[in-house]
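Undergrad: Quick one, input.txt (compact mmCIF, C-alpha atoms):
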```txt
# COMPACT_ATOMS: atom_id res chain seq x y z
CA MET S 1 50.54 90.15 94.98
CA GLN S 2 52.93 87.24 94.74
CA GLU S 3 55.22 89.22 92.45
CA LYS S 4 55.20 92.32 94.58
CA ILE S 5 56.52 90.39 97.56
CA ASP S 6 59.21 88.94 95.34
CA TYR S 7 60.40 92.39 94.26
CA MET S 8 60.57 93.58 97.82
CA LYS S 9 62.74 90.57 98.63
CA GLU S 10 65.00 91.17 95.64
CA PHE S 11 65.43 94.75 96.75
CA SER S 12 66.07 94.16 100.42
CA LYS S 13 68.46 91.21 100.00
CA GLY S 14 71.09 93.56 98.58
CA ILE S 15 70.83 95.77 101.65
CA ILE S 16 70.83 93.21 104.45
CA SER S 17 71.14 89.47 103.83
CA GLU S 18 73.46 89.74 100.81
CA ASN S 19 75.10 93.09 101.48
CA PRO S 20 77.97 93.32 98.97
CA ILE S 21 80.55 94.66 101.41
CA PHE S 22 79.73 93.14 104.78
CA VAL S 23 78.40 89.75 103.66
CA ILE S 24 79.71 88.84 100.20
CA LEU S 25 82.94 90.86 100.62
CA LEU S 26 82.96 92.22 97.08
CA GLY S 27 84.09 95.66 96.01
CA MET S 28 86.56 96.10 98.84
CA CYS S 29 88.86 98.47 96.96
CA PRO S 30 86.44 101.43 96.76
CA ALA S 31 85.13 100.55 100.23
CA LEU S 32 88.60 101.28 101.56
CA ALA S 33 89.81 103.93 99.18
CA VAL S 34 87.05 106.53 98.99
CA THR S 35 85.59 106.26 102.48
CA GLY S 36 87.76 108.92 104.10
CA THR S 37 84.75 111.19 104.44
CA LEU S 38 80.99 110.72 104.31
CA GLU S 39 80.63 112.86 101.21
CA THR S 40 83.13 111.01 99.06
CA SER S 41 81.48 107.73 100.09
CA LEU S 42 78.05 109.02 99.16
CA GLY S 43 79.39 110.38 95.88
CA MET S 44 80.92 107.02 95.01
CA GLY S 45 77.68 105.33 96.07
CA VAL S 46 75.60 107.47 93.74
CA LEU S 47 77.91 106.67 90.81
CA VAL S 48 77.71 102.95 91.58
CA ILE S 49 73.89 103.07 91.86
CA PHE S 50 73.78 104.69 88.43
CA VAL S 51 76.21 102.29 86.75
CA LEU S 52 74.95 99.08 88.37
CA THR S 53 71.28 99.80 87.65
CA LEU S 54 71.82 100.76 84.02
CA SER S 55 74.25 97.94 83.29
CA ASN S 56 71.91 95.38 84.87
CA VAL S 57 69.00 96.67 82.78
CA LEU S 58 70.94 96.73 79.52
CA ILE S 59 72.61 93.36 80.04
CA SER S 60 69.38 91.64 80.96
CA SER S 61 67.59 93.13 77.95
CA VAL S 62 70.23 91.85 75.51
CA ARG S 63 70.93 88.60 77.37
CA HIS S 64 69.57 86.42 74.54
CA PHE S 65 71.88 87.95 71.92
CA ILE S 66 75.22 87.57 73.68
CA PRO S 67 77.00 84.27 72.89
CA ASP S 68 78.24 82.47 75.96
CA ASN S 69 81.95 82.51 75.11
CA VAL S 70 82.20 86.30 74.78
CA LYS S 71 79.93 86.97 77.74
CA ILE S 72 82.50 88.54 80.07
CA PRO S 73 84.13 90.87 77.50
CA ALA S 74 80.68 91.99 76.32
CA PHE S 75 79.61 92.76 79.89
CA ILE S 76 82.83 94.64 80.56
CA VAL S 77 82.30 96.82 77.50
CA VAL S 78 78.74 97.63 78.58
CA ILE S 79 79.92 98.52 82.08
CA ALA S 80 82.87 100.55 80.79
CA THR S 81 80.53 102.56 78.57
CA PHE S 82 78.31 103.52 81.49
CA VAL S 83 81.36 104.32 83.60
CA THR S 84 82.63 106.64 80.88
CA ILE S 85 79.27 108.43 80.80
CA VAL S 86 79.29 108.78 84.58
CA ARG S 87 82.85 110.04 84.53
CA MET S 88 82.05 112.80 82.05
CA LEU S 89 78.90 113.81 83.94
CA THR S 90 80.80 114.00 87.23
CA GLN S 91 83.55 116.06 85.65
CA ALA S 92 80.98 118.51 84.32
CA TYR S 93 78.61 118.84 87.28
CA ALA S 94 80.65 117.92 90.37
CA PRO S 95 84.29 118.78 89.64
CA ALA S 96 85.31 118.69 93.32
CA LEU S 97 83.98 115.15 93.63
CA PHE S 98 85.69 114.22 90.37
CA ASP S 99 89.05 115.40 91.74
CA ALA S 100 88.49 113.69 95.10
CA LEU S 101 87.58 110.32 93.61
CA GLY S 102 90.33 110.50 90.98
CA ILE S 103 91.24 107.17 89.43
CA TYR S 104 88.57 105.38 91.44
CA ILE S 105 85.92 106.56 88.99
CA PRO S 106 87.37 104.60 86.02
CA LEU S 107 88.02 101.76 88.43
CA ILE S 108 84.26 101.28 88.87
CA VAL S 109 84.68 99.18 85.69
CA VAL S 110 86.53 96.50 87.61
CA ASN S 111 84.38 96.76 90.74
CA CYS S 112 83.57 93.09 91.35
CA ILE S 113 79.99 93.85 92.42
CA ILE S 114 78.95 95.16 89.04
CA LEU S 115 80.41 92.33 86.96
CA GLY S 116 79.29 89.90 89.64
CA ARG S 117 75.64 91.02 89.44
CA ALA S 118 75.83 91.02 85.64
CA THR S 119 76.95 87.38 85.49
CA ALA S 120 75.05 86.08 88.49
CA PHE S 121 71.75 87.87 88.06
CA ALA S 122 71.18 90.13 85.05
CA SER S 123 72.28 87.56 82.45
CA LYS S 124 69.74 85.05 83.77
CA ASN S 125 66.71 87.15 84.71
CA LYS S 126 64.13 89.42 83.13
CA VAL S 127 64.58 93.18 82.93
CA LEU S 128 62.41 94.28 85.85
CA PRO S 129 63.87 91.89 88.46
CA SER S 130 67.35 92.85 87.24
CA LEU S 131 66.53 96.51 87.71
CA VAL S 132 65.31 95.89 91.26
CA ASP S 133 68.31 93.69 92.03
CA GLY S 134 70.69 96.34 90.69
CA VAL S 135 69.14 99.15 92.72
CA GLY S 136 69.03 97.00 95.87
CA MET S 137 72.62 95.86 95.60
CA ALA S 138 73.89 99.36 94.82
CA VAL S 139 71.92 100.89 97.69
CA GLY S 140 73.32 98.23 100.00
CA PHE S 141 76.81 99.06 98.80
CA THR S 142 76.18 102.79 99.28
CA LEU S 143 74.84 102.35 102.81
CA ALA S 144 77.80 100.15 103.72
CA ILE S 145 80.44 102.59 102.48
CA ALA S 146 78.52 105.52 103.96
CA LEU S 147 78.67 103.78 107.34
CA ILE S 148 82.43 103.34 107.00
CA GLY S 149 82.73 106.95 105.82
CA VAL S 150 80.75 108.35 108.76
CA LEU S 151 82.79 106.42 111.32
CA ARG S 152 86.11 107.43 109.76
CA GLU S 153 85.13 111.08 109.48
CA ILE S 154 83.66 111.42 112.99
CA PHE S 155 86.49 109.63 114.78
CA GLY S 156 89.14 111.07 112.47
CA THR S 157 88.16 114.73 112.50
CA GLY S 158 85.39 115.09 115.09
CA ALA S 159 83.02 116.65 112.60
CA ILE S 160 81.00 115.89 109.50
CA ALA S 161 81.56 118.35 106.69
CA TYR S 162 78.99 118.99 103.99
CA GLY S 163 79.13 120.80 100.67
CA VAL S 164 82.85 120.24 100.17
CA TYR S 165 82.68 117.58 97.45
CA LEU S 166 79.01 117.35 96.57
CA PRO S 167 77.57 120.39 94.80
CA LEU S 168 75.00 121.22 97.47
CA GLY S 169 75.27 124.99 97.23
CA ILE S 170 76.01 125.34 100.95
CA GLU S 171 79.14 124.52 102.86
CA GLY S 172 79.85 123.87 106.51
CA SER S 173 80.05 121.14 109.07
CA ILE S 174 77.91 119.62 111.77
CA LEU S 175 78.70 117.76 114.98
CA ASN S 176 81.90 119.62 115.81
CA ILE S 177 83.36 117.69 118.72
CA GLU S 178 86.51 119.07 120.27
CA SER S 179 87.92 116.02 122.00
CA PRO S 180 91.07 113.98 121.56
CA LEU S 181 88.89 110.86 121.36
CA PHE S 182 87.40 112.21 118.13
CA ASN S 183 90.61 113.34 116.54
CA ILE S 184 92.39 110.15 115.61
CA GLY S 185 94.41 111.20 112.58
CA ILE S 186 95.25 107.72 111.33
CA LEU S 187 91.59 106.94 110.72
CA THR S 188 91.47 109.36 107.82
CA GLY S 189 94.59 107.76 106.32
CA PRO S 190 95.02 104.39 104.60
CA ALA S 191 95.48 102.40 107.83
CA GLY S 192 92.15 103.72 109.15
CA GLY S 193 90.31 102.26 106.19
CA PHE S 194 91.55 98.77 106.95
CA LEU S 195 90.98 99.17 110.67
CA VAL S 196 87.40 100.48 110.52
CA LEU S 197 86.38 97.82 108.00
CA ALA S 198 87.96 95.13 110.21
CA ILE S 199 86.06 96.32 113.28
CA LEU S 200 82.76 96.49 111.41
CA LEU S 201 83.24 93.01 109.91
CA ALA S 202 84.09 91.58 113.34
CA PHE S 203 80.99 93.23 114.78
CA PHE S 204 78.71 91.75 112.10
CA ASN S 205 80.44 88.38 112.49
CA SER S 206 79.83 88.29 116.23
CA ARG S 207 76.15 89.04 115.66
CA LYS S 208 75.97 86.24 113.09
CA ILE S 209 77.66 83.79 115.45
CA LYS S 210 75.28 84.71 118.27
CA LYS S 211 72.31 84.21 115.97
CA GLN S 212 73.60 80.82 114.87
CA GLU S 213 74.13 79.75 118.45
CA LYS S 214 70.61 80.80 119.33
CA GLU S 215 69.23 78.83 116.42
CA LYS S 216 71.29 75.82 117.44
CA ALA S 217 70.02 76.06 121.02
CA ALA S 218 66.44 76.39 119.78
CA ARG S 219 66.87 73.37 117.52
CA LYS S 220 68.32 71.36 120.40
CA LYS S 221 65.36 72.32 122.56
CA VAL S 222 62.90 71.22 119.89
CA ALA S 223 64.77 67.96 119.41
CA ALA S 224 64.83 67.35 123.15
CA SER S 225 61.10 68.00 123.55
CA LYS S 226 60.41 65.69 120.59
CA ARG S 227 62.47 62.97 122.17
CA ALA S 228 60.62 63.44 125.46
CA ALA S 229 57.28 63.24 123.67
CA LYS S 230 58.39 60.06 121.89
CA ALA S 231 59.52 58.48 125.14
CA ALA S 232 56.21 59.43 126.75
CA ALA S 233 54.33 57.91 123.83
CA LYS S 234 56.37 54.70 124.15
CA GLU S 235 55.60 54.51 127.84
CA VAL S 236 51.90 54.94 127.16
CA ALA S 237 52.08 52.20 124.52
CA ALA S 238 53.87 49.89 126.92
CA MET E 1 118.05 111.03 81.39
CA SER E 2 119.92 109.29 84.12
CA ALA E 3 119.51 106.07 86.00
CA THR E 4 118.25 107.93 89.09
CA VAL E 5 114.95 108.60 87.36
CA PHE E 6 114.37 104.89 86.96
CA VAL E 7 115.51 104.05 90.48
CA THR E 8 113.19 106.73 91.87
CA ALA E 9 110.33 105.45 89.72
CA ILE E 10 110.78 101.88 90.98
CA LEU E 11 111.23 102.84 94.63
CA SER E 12 108.37 105.30 94.71
CA SER E 13 105.85 102.99 93.07
CA MET E 14 107.05 99.97 95.05
CA LEU E 15 107.39 101.34 98.58
CA ILE E 16 106.17 104.91 98.96
CA ASN E 17 103.02 104.69 96.90
CA ASN E 18 102.51 100.99 97.43
CA ILE E 19 99.44 100.01 95.44
CA ILE E 20 97.88 97.84 98.12
CA LEU E 21 98.61 99.72 101.31
CA THR E 22 98.34 103.34 100.23
CA ARG E 23 96.16 103.18 97.13
CA PHE E 24 93.97 100.19 98.02
CA LEU E 25 94.30 98.67 94.57
CA GLY E 26 94.13 94.90 94.28
CA VAL E 27 92.68 94.36 97.74
CA CYS E 28 90.45 91.52 96.49
CA PRO E 29 93.31 89.20 95.42
CA PHE E 30 95.24 90.47 98.45
CA LEU E 31 92.59 88.97 100.72
CA GLY E 32 91.61 86.13 98.40
CA VAL E 33 94.84 84.31 97.59
CA SER E 34 96.99 85.29 100.54
CA ASN E 35 96.27 82.28 102.73
CA ARG E 36 99.18 80.25 101.29
CA ILE E 37 102.62 81.52 100.26
CA GLU E 38 102.79 79.50 97.01
CA LYS E 39 99.40 80.81 95.89
CA ALA E 40 100.39 84.38 96.74
CA MET E 41 103.62 84.08 94.76
CA GLY E 42 101.85 82.59 91.73
CA MET E 43 99.41 85.47 91.72
CA SER E 44 102.18 88.06 92.14
CA VAL E 45 104.19 86.75 89.18
CA ALA E 46 101.09 86.76 86.99
CA VAL E 47 100.25 90.32 88.09
CA ILE E 48 103.77 91.66 87.44
CA PHE E 49 103.77 90.04 84.02
CA VAL E 50 100.43 91.43 82.86
CA MET E 51 100.96 94.81 84.55
CA VAL E 52 104.22 95.54 82.72
CA ILE E 53 102.94 94.43 79.32
CA ALA E 54 99.62 96.26 79.79
CA SER E 55 101.37 99.51 80.76
CA ALA E 56 103.62 99.34 77.68
CA VAL E 57 100.74 98.64 75.28
CA THR E 58 98.32 101.18 76.75
CA TYR E 59 100.97 103.91 76.85
CA LEU E 60 101.63 103.48 73.12
CA LEU E 61 97.92 103.19 72.36
CA TYR E 62 97.12 106.35 74.31
CA TYR E 63 99.81 108.58 72.81
CA TYR E 64 99.82 107.20 69.24
CA VAL E 65 96.12 106.53 68.71
CA LEU E 66 93.76 108.00 71.30
CA ALA E 67 95.46 111.38 71.89
CA PRO E 68 96.09 112.30 68.21
CA LEU E 69 92.51 111.36 67.30
CA GLU E 70 91.24 113.32 70.32
CA ILE E 71 89.19 110.41 71.59
CA SER E 72 90.98 110.06 74.91
CA TYR E 73 87.59 110.07 76.66
CA ILE E 74 87.09 106.43 75.63
CA SER E 75 90.39 105.49 77.28
CA THR E 76 88.73 103.44 80.04
CA ILE E 77 86.88 101.24 77.53
CA ALA E 78 90.01 100.86 75.39
CA PHE E 79 92.23 100.02 78.36
CA ILE E 80 89.95 97.39 79.84
CA LEU E 81 89.60 95.73 76.43
CA ILE E 82 93.38 95.75 76.02
CA ILE E 83 93.84 94.20 79.44
CA ALA E 84 91.17 91.55 78.86
CA SER E 85 92.63 90.51 75.51
CA LEU E 86 96.19 90.67 76.84
CA VAL E 87 95.29 88.28 79.62
CA GLN E 88 93.82 85.87 77.06
CA LEU E 89 96.90 86.21 74.86
CA VAL E 90 99.34 85.70 77.71
CA GLU E 91 97.37 82.67 78.80
CA MET E 92 97.55 81.13 75.32
CA VAL E 93 101.26 81.89 74.88
CA ILE E 94 102.17 80.46 78.27
CA LYS E 95 100.10 77.36 77.54
CA LYS E 96 102.05 76.80 74.29
CA VAL E 97 105.50 77.68 75.60
CA SER E 98 105.66 76.08 79.02
CA LYS E 99 103.19 73.59 80.40
CA LYS E 100 104.83 73.85 83.80
CA LEU E 101 104.48 77.63 84.02
CA TYR E 102 100.89 77.33 82.82
CA ASN E 103 100.04 74.89 85.58
CA GLY E 104 101.48 77.36 88.07
CA LEU E 105 99.96 80.58 86.74
CA GLY E 106 96.96 79.31 84.76
CA ILE E 107 94.31 79.65 87.43
CA TYR E 108 95.39 83.17 88.38
CA LEU E 109 95.37 84.67 84.91
CA PRO E 110 91.59 84.86 84.35
CA LEU E 111 91.25 86.57 87.74
CA ILE E 112 93.58 89.33 86.65
CA THR E 113 91.19 90.96 84.18
CA THR E 114 89.05 92.21 87.03
CA ASN E 115 92.00 92.95 89.28
CA CYS E 116 91.76 96.68 89.85
CA ALA E 117 95.53 96.91 90.36
CA ILE E 118 96.18 96.47 86.63
CA LEU E 119 93.68 99.05 85.38
CA GLY E 120 94.61 101.32 88.28
CA VAL E 121 98.33 101.32 87.49
CA VAL E 122 97.63 101.86 83.80
CA GLU E 123 95.40 104.85 84.58
CA LEU E 124 97.90 106.24 87.09
CA ASN E 125 100.69 106.02 84.51
CA ILE E 126 98.65 107.96 81.96
CA ASN E 127 97.53 110.51 84.59
CA ALA E 128 101.13 111.02 85.75
CA GLY E 129 101.98 112.58 82.38
CA PHE E 130 105.39 110.94 81.89
CA ASN E 131 105.06 111.89 78.24
CA ALA E 132 105.14 115.60 78.96
CA GLU E 133 107.81 115.30 81.64
CA TYR E 134 110.38 113.08 79.96
CA GLY E 135 109.44 113.06 76.27
CA MET E 136 107.79 110.31 74.30
CA TRP E 137 110.21 107.38 74.53
CA ASN E 138 111.86 108.20 77.84
CA GLY E 139 108.38 108.59 79.25
CA PHE E 140 107.54 105.16 77.89
CA PHE E 141 110.44 103.58 79.77
CA VAL E 142 109.60 105.45 82.96
CA ALA E 143 105.99 104.26 82.69
CA VAL E 144 107.09 100.64 82.22
CA THR E 145 109.58 100.92 85.09
CA SER E 146 107.02 102.31 87.48
CA ALA E 147 104.60 99.55 86.47
CA LEU E 148 107.34 97.04 87.28
CA GLY E 149 107.87 98.77 90.62
CA ALA E 150 104.15 98.67 91.38
CA GLY E 151 104.09 94.96 90.55
CA LEU E 152 107.10 94.31 92.78
CA GLY E 153 105.43 96.26 95.56
CA PHE E 154 102.33 94.10 95.16
CA ALA E 155 104.48 90.95 95.31
CA LEU E 156 106.38 92.19 98.37
CA ILE E 157 103.24 92.93 100.36
CA LEU E 158 101.52 89.74 99.26
CA PHE E 159 104.57 87.70 100.32
CA ALA E 160 104.84 89.35 103.72
CA PHE E 161 101.12 89.18 104.28
CA SER E 162 100.74 85.51 103.31
CA SER E 163 103.64 84.58 105.61
CA ILE E 164 101.88 86.36 108.47
CA ARG E 165 98.58 84.70 107.62
CA GLU E 166 100.10 81.22 107.67
CA ARG E 167 101.14 81.85 111.25
CA LEU E 168 97.81 83.44 112.14
CA ASP E 169 96.16 80.10 111.35
CA HIS E 170 97.70 78.69 114.50
CA ALA E 171 97.01 81.68 116.73
CA PRO E 172 94.10 81.70 119.18
CA ILE E 173 91.80 84.32 117.67
CA PRO E 174 88.26 85.13 118.88
CA ALA E 175 85.72 83.46 116.57
CA ASN E 176 84.26 86.69 115.25
CA TRP E 177 87.68 88.08 114.26
CA LYS E 178 88.77 84.95 112.40
CA GLY E 179 89.51 85.15 108.68
CA ILE E 180 89.03 88.49 106.94
CA PRO E 181 88.70 90.86 109.96
CA VAL E 182 92.01 89.85 111.55
CA SER E 183 93.69 89.99 108.13
CA LEU E 184 92.45 93.55 107.74
CA VAL E 185 93.92 94.45 111.12
CA VAL E 186 97.26 93.03 109.98
CA ALA E 187 96.96 95.09 106.80
CA ALA E 188 96.22 98.19 108.88
CA ILE E 189 99.37 97.70 110.94
CA MET E 190 101.41 97.16 107.79
CA ALA E 191 99.91 100.33 106.30
CA LEU E 192 100.95 102.22 109.45
CA ALA E 193 104.49 100.96 108.98
CA PHE E 194 104.47 102.11 105.39
CA ILE E 195 103.51 105.66 106.37
CA GLY E 196 107.07 105.88 107.70
CA LEU E 197 108.45 105.34 104.21
CA GLY E 198 106.59 108.40 102.98
CA GLY E 199 109.43 110.71 103.91
CA ILE E 200 112.07 109.06 101.71
CA ALA E 201 111.07 110.64 98.44
```
Any chance you could give the structure as structure tokens?

TA:
Amino acid sequence: MQEKIDYMKEFSKGIISENPIFVILLGMCPALAVTGTLETSLGMGVLVIFVLTLSNVLISSVRHFIPDNVKIPAFIVVIATFVTIVRMLTQAYAPALFDALGIYIPLIVVNCIILGRATAFASKNKVLPSLVDGVGMAVGFTLAIALIGVLREIFGTGAIAYGVYLPLGIEGSILNIESPLFNIGILTGPAGGFLVLAILLAFFNSRKIKKQEKEKAARKKVAASKRAAKAAAKEVAA
Amino acid sequence: MSATVFVTAILSSMLINNIILTRFLGVCPFLGVSNRIEKAMGMSVAVIFVMVIASAVTYLLYYYVLAPLEISYISTIAFILIIASLVQLVEMVIKKVSKKLYNGLGIYLPLITTNCAILGVVELNINAGFNAEYGMWNGFFVAVTSALGAGLGFALILFAFSSIRERLDHAPIPANWKGIPVSLVVAAIMALAFIGLGGIA
């Protein structure tokens, strides 16, 4: 029972409390570059889930054989191997996605999240926790970039297209809004990536600040009531 | 083969296809070391250095080894290994040659291995097919020139951005926008300005 709770925690920390994009601020390049539409974000997310999970599992299973001074190069080779596999699979089964993601597929190798999890978690923990950590972190990353992708696509084009990049078999779009408010062209361009990420980060920051203030106020209240109790006790003693 | 090819290569990779603002490569160091001008300049010099050497080496490796042997599918693994060992090598050489330069650049060099700008520019150069367009050796020089341009573009943006950030430190900014969010807004405005350069080429 104890262990089960632990795994749940390992899994959910990647999604909320240690979200790679919104909290740790790692892997910003793909978060900005491939989030023009929801589908490209999801495609990138799936690739990252695949690579991060497998690399975490492999690295944690060979962690006792890798000497400390060649740790980073060894990890990079492992990651690069999985990225190469993913690249070939994408090219074969989802050519539209392969073209849309372009050089950002090989660049998964230098995505800081993957190397970061390898050094910070997989090289120190057993296989199963590493697997859970990898899946959690990658899902958190995917949800974060999907959120950016949805906002950019809705406000940039007023619709959400499906079947364009992912091989779903059907093609079309939902939520077609014909309004100038939902047709902000810059959001689909490079500037929009920076802008949407900035707004989201500011939003999460303001929530964090509010939470901290609440905690501070609660702590002050507790301290004040303690002091009052102490004073009352003193009076009684006197 | 005229000089215009090189000028175009430099200008297009430096301004029109700026690696930070239009391709989003190297955003991590862009946000990480841009709070002070000296730091930003140290990082830029290290990036230009490694980027140019890495492009030259990977170009030769790709067209003399990987392509003839028909194993170009392992290019990503080969390139990242080249970059990682190059960074080590450059670090050792600089340490031996100039203590002063090492003190300036030393801390930035290890960070460069995982800087996606380097691997990105290398991959872009191979994808651009300079070999087919200009021939083997001319293509080599065009690839190196555009890597230099990309590095200069990185340095230019990092310099401008760190200057702006030094002034932002003294500006009254709402607490939740402080730090990274406001920097991203600055980057967005700079990216908007760079859209205007798109028409030059």

Undergrad: Please report as a ChimeraX atom specification which residues of chain S come no farther than 10 Å from chain E, using all atoms listed in the file.

TA: /S:25-34,72-74,76-85,87-88,102-112,115,186,189-210

Undergrad: Env of stretch 45-56 of chain E: 7 Å cut, atoms = only C-alpha atoms, seq-sep filter 4 positions within chain, self excluded. Answer as a PyMOL selection string.

TA: chain E and resi 41+60+83+87+105+108-109+112+118+122+143-144+147-148+151-152

Undergrad: Please, could you write that set of residues out with C-alpha atoms as a PDB file, in the frame of the given file?

TA:
```pdb
ATOM      1  CA  MET E  41     103.620  84.080  94.760  1.00  0.00           C
ATOM      2  CA  LEU E  60     101.630 103.480  73.120  1.00  0.00           C
ATOM      3  CA  ILE E  83      93.840  94.200  79.440  1.00  0.00           C
ATOM      4  CA  VAL E  87      95.290  88.280  79.620  1.00  0.00           C
ATOM      5  CA  LEU E 105      99.960  80.580  86.740  1.00  0.00           C
ATOM      6  CA  TYR E 108      95.390  83.170  88.380  1.00  0.00           C
ATOM      7  CA  LEU E 109      95.370  84.670  84.910  1.00  0.00           C
ATOM      8  CA  ILE E 112      93.580  89.330  86.650  1.00  0.00           C
ATOM      9  CA  ILE E 118      96.180  96.470  86.630  1.00  0.00           C
ATOM     10  CA  VAL E 122      97.630 101.860  83.800  1.00  0.00           C
ATOM     11  CA  ALA E 143     105.990 104.260  82.690  1.00  0.00           C
ATOM     12  CA  VAL E 144     107.090 100.640  82.220  1.00  0.00           C
ATOM     13  CA  ALA E 147     104.600  99.550  86.470  1.00  0.00           C
ATOM     14  CA  LEU E 148     107.340  97.040  87.280  1.00  0.00           C
ATOM     15  CA  GLY E 151     104.090  94.960  90.550  1.00  0.00           C
ATOM     16  CA  LEU E 152     107.100  94.310  92.780  1.00  0.00           C
TER      17      LEU E 152
END
```

Undergrad: Quick one: residues within 12 Å of stretch 117-128 of chain S, only C-alpha atoms counted, chain neighbours fewer than 2 positions away excluded, as a VMD selection string?

TA: chain S and resid 3 to 4 6 to 7 10 to 11 14 18 20 24 26 to 27 51 to 68 70 to 79 111 to 115 130 to 138

Undergrad: What is the atom CA of E:Ile157 to atom CA of E:Leu101 distance in Å?

TA: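 Between atom CA of E:Ile157 and atom CA of E:Leu101 the gap works out to 22.4 Å.
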
Undergrad: May I ask which of the residues S:Ile16, S:Pro167, S:Asp99, S:Leu187 is the closest one to S:Ile148, counting all atoms listed in the file?

TA: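 For S:Ile148, the nearest of the given residues is S:Leu187.
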
Undergrad: The residues within 9 Å of (78.5, 127.7, 105.9), using only C-alpha atoms and the coordinates of the file, should be reported as a list in words; which are they?

TA: Tyr162, Gly163, Ile170, Glu171, Gly172 and Ser173 of chain S

Undergrad: Quick one: residues within 12 Å of E:Asn131, only C-alpha atoms counted, chain neighbours fewer than 4 positions away excluded, as a ChimeraX atom specification?

TA: /E:59-60,62-64,67,125-127,135-143

Undergrad: Kindly give the distance, in Å, that separates atom CA of S:Ile15 and atom CA of E:Pro110, rounded to a single decimal.

TA: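 Between these atoms lies a distance of 29.1 Å.
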
Undergrad: Tell me, in Å to one decimal, how far atom CA of S:Val46 is from atom CA of E:Asn18.

TA: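 Taking atom CA of S:Val46 as the start and atom CA of E:Asn18 as the end point, the length is 27.9 Å.
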